[in-house]
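Read through the structure below, which is laid out as structure tokens, and then see the notes.
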Number of protein chains: 2
Amino acid sequence: MKLQEAVEKIILPDNTYEKKAARRLDEQARPQGSLGMLEETARRLAGIAGTLDVCLNRKVIVTCAGDHGVTAEGVSLFPQEVTAQMVYNFIDGGASINVLGRHAGALVQAADLGVNHEFEPQLPVFHKKIAKGTGNIRREPAMSRDQAVSAIEAGISIVEKLAEDPGVNLLGTGDMGIGNTTPSTAVIAAFSGINVEKLTGRGTGLDDKALAHKIRVITDSLAFHKPDPKDPVGVLAKVGGFEIGGLAGLVIGAAAMGIPVICDGLIATAGALIACEIAPLAKSYLFTSHRSVEAGHRFMIEHLGIQPLLDLGLRLGEGTGAALAMEIMDASTRVLAEIKTFEEVAIKNAQKK
Amino acid sequence: MKLQEAVEKIILPDNTYEKKAARRLDEQARPQGSLGMLEETARRLAGIAGTLDVCLNRKVIVTCAGDHGVTAEGVSLFPQEVTAQMVYNFIDGGASINVLGRHAGALVQAADLGVNHEFEPQLPVFHKKIAKGTGNIRREPAMSRDQAVSAIEAGISIVEKLAEDPGVNLLGTGDMGIGNTTPSTAVIAAFSGINVEKLTGRGTGLDDKALAHKIRVITDSLAFHKPDPKDPVGVLAKVGGFEIGGLAGLVIGAAAMGIPVICDGLIATAGALIACEIAPLAKSYLFTSHRSVEAGHRFMIEHLGIQPLLDLGLRLGEGTGAALAMEIMDASTRVLAEIKTFEEVAIKNAQKK
């Protein structure tokens with residue numbers, strides 16, 4: 001599916017089942033509203049699925065990987081090679097996302113959007129490489145406009161493939177890419193207009209000096225490219241990343257196919273933000289998993305208007321927060337379907353007599 | 001086990017495995033500390049269990065129920081009969097805690113500590129009734145000192161029974177008792193010395209006028225009894241509740257038997273607070289599940305020094321927050337055991353070559 005076609009396919013979920021869900025939740029044998037965010041989550045999922053008995057038995061987490069030319073500026077503690085090494089670790093099943101994906105009952109699939117390494121074609125990875133890493137955004141665009149569209153369309157095609165086989169009724173998005181908090185923060189700054197100093201966090205653990213340097217790199221990049229917030233594809237091309245484009249595509253693809261999608265932390269949410277700037281209706285299918293400790297995350301949560309389900313101090317990425325939040329989403333569907341209403345309790349009691 | 005015996009049995013977990021766990025977590029192939037609260041949870045659980053491969057396959061949630069004479073003062077929106085009705089609902093499996101307990105893979109067991117109703121003896125409930133509801137704390141003690149000790153010992157005996165059959169390696173505590181935010185808040189005020197107005201919340205949904213009345217009732221109760229914070233059993237007897245005593249006993253019993261215990265919201269945490277005032281070492285076995293919207297909860301979290309895992313706007317009780325948090329605790333044990341260290345990844349890669 002082309003990007004334009006996917007965007008046009010996204011429709012607001014019919015609100016019939018969201019309303020029915022709200023009524024059932026209110027009628028359950030407990031104080032109204034007492035299950036907090038579980039209730040809102042269940043309502044939204046019911047609206048999307050068009051049923052009060054939502055089944056999330058086919059969970060898939062896609063971890064999009066890409067490399068970043070800006071690592072040449074020394075913005076990360078880890079060398080670029082780690083991106084490819086981690087993709088192998090995902091394939092071997094011993095990475096954090098594999099462990100938490102298994103716990104959530106989710107299939108974990110890695111996708112190469114732009115890793116600076118040739119993966120053997122037989123490896124069980126979505127082979128969607130646009131190029132071997134982006135340009136160094138301090139001095140050149142991350143990618144061309146065509147490449148940005150291709151990265152998004154790669155994400156869309158992954159959802160199409162998953163929907164066909166093995167099927168997916170809850171999609172999680174996660175990232176892997178050494179240095180990718182830098183482009184993500186640049187993307188957030190481009191859309192928010194917020195001062196880079198306020199937005200920039202320590203990534204995987206920078207000290208004060210390294211943090212000041214990272215702020216300078218992002219500030220320079222924005223000054224050099226002057227990305228236009230009204231042109232989200234342009235923002236992605238100028239200061240984004242291939243995996244960020246893929247993450248945007250996953251959200252647009254899921255929304256186009258009516259599949260709820262939960263995004264992980266800073267980078268995956270930056271992808272989701274681009275998706276919702278391109279296709280605002282995609283927000284109806286989007287859930288956010290956890291509060292990132294990165295400052296830019298707060299802006300996105302407020303801008304998207306979707307409260308995260310967890311606040312566990314995570315700062316890993318890979319989709320780990322999405323995996324944990326999937327369990328809460330699953331629980332919310334059971335709350336809606338299985339907690340008895342006052343009427344059902346009364347009927348049961350009458351039958352006993 | 002008598003209360004005194006249980007208190008004496010509680011020992012600090014040997015820190016060998018907590019240290020080993022910390023080392024393994026630091027060596028895993030991901031940025032140090034990047035899994036936030038999952039890491040602290042895993043460390044503590046490893047310390048308690050004395051292994052790096054902690055198994056939480058026998059989860060049990062005990063929902064302690066009791067009635068409160070203070071409902072005569074009109075402090076709750078629901079009539080007292082609802083307590084007994086909800087116990088029947090727990091037995092039938094259609095209540096919120098049954099649904100969330102099933103989702104977490106936990107056995108849910110109700111316990112009658114002091115419901116104003118005679119339950120048929122063959123019902124699958126822990127029959128531990130101390131009396132049919134407490135005294136109206138605005139005018140008389142909730143219970144005698146002997147009854148307070150009996151309520152706590154009832155909780156301890158439940159853990160002993162569960163440990164024997166069916167076995168338990170993670171205990172959750174929850175409450176049911178119409179009106180029980182009033183005694184719980186009185187308990188918190190007694191220990192904290194914080195102004196009742198600041199501590200008192202809306203329970204299951206009081207309006208401004210009803211809230212002001214509830215504050216007056218709690219203030220009167222404290223003025224009448226002058227509970228001594230250095231005498232936790234006395235606090236329970238004067239302004240507590242039977243299920244609150246049972247909840248304290250569950251924590252003391254679990255700690256005495258070396259079982260990790262996770263407490264639910266306001267009421268269960270008030271029980272845990274009493275437990276830790278009686279037996280400070282019990283804190284080493286205690287986890288808190290979620291931030292309650294009730295103001296008194298914040299004090300307890302700070303006082304106990306144990307951060308809750310979730311913040312989902314829950315205000316239901318029954319153990320629902322504990323059930324959800326059990327899934328996070330479970331995930332934390334998988335994080336510790338299954339995420340590969342840098343060394344393990346390197347060995348695997350070397351083997352491939």
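Ordering of the structure tokens sets the chain letters (A, B, ...); residue numbers start at 1 within each chain; ligands are numbered from 1 in the order shown.
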
As a PDB file with C-alpha atoms, in the first residue's frame, could you give me every residue of chain A near chain B (at most 8 Å apart, counting only C-alpha atoms)?
ATOM      1  CA  ALA A  29     -20.972  -4.185  40.147  1.00  0.00           C
ATOM      2  CA  ARG A  30     -18.377  -1.679  41.376  1.00  0.00           C
ATOM      3  CA  PRO A  31     -18.204   2.105  41.849  1.00  0.00           C
ATOM      4  CA  SER A  34     -13.188   2.846  39.753  1.00  0.00           C
ATOM      5  CA  LEU A  35     -10.943   1.035  37.299  1.00  0.00           C
ATOM      6  CA  GLY A  36      -9.456   4.273  35.987  1.00  0.00           C
ATOM      7  CA  MET A  37      -7.381   3.958  32.844  1.00  0.00           C
ATOM      8  CA  LEU A  38      -8.359   0.339  32.337  1.00  0.00           C
ATOM      9  CA  ASN A  89      20.456 -10.643  19.706  1.00  0.00           C
ATOM     10  CA  GLY A  94      17.970 -13.254  24.373  1.00  0.00           C
ATOM     11  CA  ALA A  95      17.350  -9.505  24.280  1.00  0.00           C
ATOM     12  CA  SER A  96      15.137  -7.566  26.646  1.00  0.00           C
ATOM     13  CA  VAL A  99      11.978 -11.708  27.196  1.00  0.00           C
ATOM     14  CA  LEU A 100       9.220  -9.168  27.778  1.00  0.00           C
ATOM     15  CA  HIS A 103       5.936 -12.676  28.901  1.00  0.00           C
ATOM     16  CA  THR A 204      21.371   5.765  27.522  1.00  0.00           C
ATOM     17  CA  GLY A 205      23.321   7.709  30.165  1.00  0.00           C
ATOM     18  CA  LEU A 309      -0.370   3.239  30.866  1.00  0.00           C
ATOM     19  CA  LEU A 310       2.892   2.757  32.752  1.00  0.00           C
ATOM     20  CA  ASP A 311       5.522   4.787  34.574  1.00  0.00           C
ATOM     21  CA  LEU A 312       8.290   2.400  35.499  1.00  0.00           C
ATOM     22  CA  GLY A 313      11.352   4.534  34.811  1.00  0.00           C
ATOM     23  CA  LEU A 314      12.152   2.613  31.626  1.00  0.00           C
ATOM     24  CA  ARG A 315      14.688   4.043  29.203  1.00  0.00           C
ATOM     25  CA  LEU A 316      15.541   1.117  27.002  1.00  0.00           C
ATOM     26  CA  LEU A 324       4.465  -4.550  29.359  1.00  0.00           C
ATOM     27  CA  GLU A 327      -0.600  -6.952  29.336  1.00  0.00           C
ATOM     28  CA  ILE A 328      -2.538  -4.031  30.800  1.00  0.00           C
ATOM     29  CA  ALA A 331      -6.469  -7.025  31.200  1.00  0.00           C
ATOM     30  CA  ARG A 334     -11.201  -8.869  30.317  1.00  0.00           C
ATOM     31  CA  VAL A 335     -12.500  -6.133  32.632  1.00  0.00           C
ATOM     32  CA  GLU A 338     -16.056 -10.438  32.267  1.00  0.00           C
ATOM     33  CA  ILE A 339     -16.861  -8.228  35.263  1.00  0.00           C
ATOM     34  CA  LYS A 340     -20.541  -8.801  35.992  1.00  0.00           C
ATOM     35  CA  VAL A 345     -25.385 -10.471  39.624  1.00  0.00           C
TER      36      VAL A 345
END

Under the rule of at most 7 Å, produce a per-residue listing of region 211-289 of chain A near region 179-193 of chain A: chain, number, name, the closest pair of atoms, and the distance in Å, as a tab-separated table, using only C-alpha atoms.
residue	atom	partner	partner_atom	distance
A:Ile218	CA	A:Ala186	CA	5.9
A:Leu222	CA	A:Ala186	CA	6.8
A:Pro227	CA	A:Ala190	CA	6.2
A:Pro229	CA	A:Phe191	CA	4.9
A:Val235	CA	A:Val187	CA	6.5
A:Val239	CA	A:Pro183	CA	5.6
A:Gly240	CA	A:Pro183	CA	5.0
A:Gly241	CA	A:Pro183	CA	6.6
A:Ile267	CA	A:Ser184	CA	5.6
A:Ala270	CA	A:Ser184	CA	5.9

Can you tell me, as a PDB file with N, CA, C and O atoms, in the first residue's frame, what residues are no more than 9 Å from Pro141 (chain B) when counting only C-alpha atoms, ignoring any on the same chain fewer than 4 positions away?
ATOM      1  N   THR B 134     -17.568  -3.784  63.086  1.00  0.00           N
ATOM      2  CA  THR B 134     -16.909  -3.075  64.186  1.00  0.00           C
ATOM      3  C   THR B 134     -17.879  -2.120  64.882  1.00  0.00           C
ATOM      4  O   THR B 134     -18.987  -1.879  64.392  1.00  0.00           O
ATOM      5  N   GLY B 135     -17.431  -1.583  66.015  1.00  0.00           N
ATOM      6  CA  GLY B 135     -18.181  -0.508  66.657  1.00  0.00           C
ATOM      7  C   GLY B 135     -18.060   0.769  65.823  1.00  0.00           C
ATOM      8  O   GLY B 135     -17.164   0.908  64.997  1.00  0.00           O
ATOM      9  N   ASN B 136     -18.994   1.697  66.062  1.00  0.00           N
ATOM     10  CA  ASN B 136     -18.973   2.996  65.383  1.00  0.00           C
ATOM     11  C   ASN B 136     -17.856   3.841  66.001  1.00  0.00           C
ATOM     12  O   ASN B 136     -18.001   4.351  67.118  1.00  0.00           O
ATOM     13  N   ILE B 137     -16.748   3.981  65.282  1.00  0.00           N
ATOM     14  CA  ILE B 137     -15.549   4.599  65.866  1.00  0.00           C
ATOM     15  C   ILE B 137     -15.751   6.049  66.291  1.00  0.00           C
ATOM     16  O   ILE B 137     -14.961   6.592  67.046  1.00  0.00           O
ATOM     17  N   SER B 221     -13.559  10.971  65.700  1.00  0.00           N
ATOM     18  CA  SER B 221     -13.087   9.653  66.162  1.00  0.00           C
ATOM     19  C   SER B 221     -11.707   9.758  66.776  1.00  0.00           C
ATOM     20  O   SER B 221     -11.427   9.165  67.832  1.00  0.00           O
ATOM     21  N   HIS B 225     -10.701   8.985  70.710  1.00  0.00           N
ATOM     22  CA  HIS B 225      -9.873   7.842  71.124  1.00  0.00           C
ATOM     23  C   HIS B 225      -8.419   8.207  71.423  1.00  0.00           C
ATOM     24  O   HIS B 225      -7.748   7.463  72.133  1.00  0.00           O
ATOM     25  N   ALA B 237      -7.300  -1.329  67.159  1.00  0.00           N
ATOM     26  CA  ALA B 237      -8.458  -1.581  68.026  1.00  0.00           C
ATOM     27  C   ALA B 237      -9.361  -0.350  68.123  1.00  0.00           C
ATOM     28  O   ALA B 237     -10.579  -0.449  68.050  1.00  0.00           O
ATOM     29  N   LYS B 238      -8.747   0.822  68.250  1.00  0.00           N
ATOM     30  CA  LYS B 238      -9.540   2.032  68.476  1.00  0.00           C
ATOM     31  C   LYS B 238     -10.243   2.520  67.218  1.00  0.00           C
ATOM     32  O   LYS B 238     -11.430   2.845  67.245  1.00  0.00           O
ATOM     33  N   VAL B 239      -9.512   2.627  66.100  1.00  0.00           N
ATOM     34  CA  VAL B 239     -10.106   3.264  64.906  1.00  0.00           C
ATOM     35  C   VAL B 239      -9.969   2.422  63.639  1.00  0.00           C
ATOM     36  O   VAL B 239     -10.229   2.908  62.540  1.00  0.00           O
ATOM     37  N   GLY B 240      -9.596   1.144  63.755  1.00  0.00           N
ATOM     38  CA  GLY B 240      -9.375   0.320  62.571  1.00  0.00           C
ATOM     39  C   GLY B 240     -10.585  -0.490  62.156  1.00  0.00           C
ATOM     40  O   GLY B 240     -11.726  -0.050  62.309  1.00  0.00           O
TER      41      GLY B 240
END

List the spatial neighbours of Ala256 (chain B) as a short mmCIF file (atom, residue, chain, number, x, y, z; two decimals) with N, CA, C and O atoms, in the first residue's frame - criterion: any atom at most 6 Å away, only C-alpha atoms, same-chain residues fewer than 5 positions off excluded.
data_model
loop_
_atom_site.label_atom_id
_atom_site.label_comp_id
_atom_site.auth_asym_id
_atom_site.auth_seq_id
_atom_site.Cartn_x
_atom_site.Cartn_y
_atom_site.Cartn_z
N ALA B 6 5.14 -14.96 65.24
CA ALA B 6 5.32 -14.58 63.82
C ALA B 6 6.29 -13.42 63.71
O ALA B 6 7.19 -13.42 62.87
N LYS B 9 9.75 -14.46 64.09
CA LYS B 9 10.23 -15.31 62.98
C LYS B 9 10.73 -14.51 61.78
O LYS B 9 11.42 -15.04 60.91
N ILE B 10 10.34 -13.22 61.71
CA ILE B 10 10.70 -12.42 60.52
C ILE B 10 12.18 -12.06 60.56
O ILE B 10 12.65 -11.47 61.54
#

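For the pair CA of Asp175 (chain B) and CA of Glu243 (chain B), the interatomic distance is 6.9 Å.
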
Output as an MDAnalysis selection string all residues of region 38-232 of chain B that backbone DSSP marks as strand (DSSP E or B).
-> chainID B and resid 59:66 106:114 126:127 170:176

Non-local contacts of Ala151 (chain B) (9 Å; only C-alpha atoms; under 2 positions in same chain excluded) as a list in words =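 My list of contacting residues is Leu113, Gly114, Lys128, Lys129, Ile130, Asp146, Gln147, Ala148, Val149, Glu153, Ala154, Gly155, Ile156, Gly241, Phe242, Glu243, Ile244, Gly245, Gly246, Leu247, Ala248 and Gly249 of chain B.
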
Name all residues at most 10 Å from Glu160 (chain A) (count only C-alpha atoms; drop same-chain ones fewer than 6 positions away) and give them as a list in words.
->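 Counting only C-alpha atoms, the residues come to Met1, Ala154, Gly167, Val168, Leu250, Gly253, Ala254, Ala256 and Met257 of chain A.
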
Length of the CA of Val70 (chain B) to CA of Pro124 (chain B) vector [Å] |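 According to the coordinates, CA of Val70 (chain B) and CA of Pro124 (chain B) are separated by 28.2 Å.
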
For Ile252 (chain A), list every protein, DNA or RNA residue within 10 Å, evaluated using only C-alpha atoms, and leave out those in the same chain fewer than 6 positions away; present the list as a VMD selection string.
-> chain A and resid 3 6 to 7 9 to 10 152 to 153 155 to 156 159 246 258 to 259 261 271 to 272 274 to 276 278 to 283 285 to 286

If you keep C-alpha atoms, can you produce a file of those selected residues as a short mmCIF file (atom, residue, chain, number, x, y, z; two decimals), in the first residue's frame?
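Saved file selection-v1.cif follows:
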data_model
loop_
_atom_site.label_atom_id
_atom_site.label_comp_id
_atom_site.auth_asym_id
_atom_site.auth_seq_id
_atom_site.Cartn_x
_atom_site.Cartn_y
_atom_site.Cartn_z
CA LEU A 3 1.45 6.08 1.81
CA ALA A 6 -3.02 4.12 3.48
CA VAL A 7 -3.75 7.62 4.77
CA LYS A 9 -8.02 4.30 4.16
CA ILE A 10 -7.92 5.46 7.79
CA ILE A 152 7.15 4.92 5.97
CA GLU A 153 5.84 2.62 3.24
CA GLY A 155 6.43 0.14 7.86
CA ILE A 156 3.04 -0.03 6.18
CA VAL A 159 1.71 -4.44 8.88
CA GLY A 246 9.36 2.73 9.67
CA GLY A 258 -8.15 -0.99 11.83
CA ILE A 259 -5.59 -2.55 14.18
CA VAL A 261 -1.19 -0.04 17.93
CA GLY A 271 7.53 7.88 14.85
CA ALA A 272 3.92 7.83 16.00
CA ILE A 274 5.05 11.87 12.57
CA ALA A 275 2.32 9.36 11.64
CA CYS A 276 -0.35 11.46 13.37
CA ILE A 278 0.58 13.02 8.36
CA ALA A 279 -2.72 11.28 9.21
CA PRO A 280 -4.42 12.79 12.27
CA LEU A 281 -7.11 10.09 12.30
CA ALA A 282 -4.43 7.52 13.13
CA LYS A 283 -4.61 8.82 16.72
CA TYR A 285 -5.90 3.62 16.90
CA LEU A 286 -2.87 4.70 18.91
#

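Closest to Val87 (chain B) among B:Ile158, B:Val60, B:Leu52, B:Ala110 is B:Ala110, based on only C-alpha atoms.
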
Please, which residues of region 170-347 of chain B, numbered as in this document, come out helix (DSSP H, G or I) from DSSP, as an NGL selection string?
-> :B and (181-192 or 196-199 or 208-225 or 232-239 or 242-256 or 266-278 or 280-285 or 295-304 or 320-338 or 342-347)
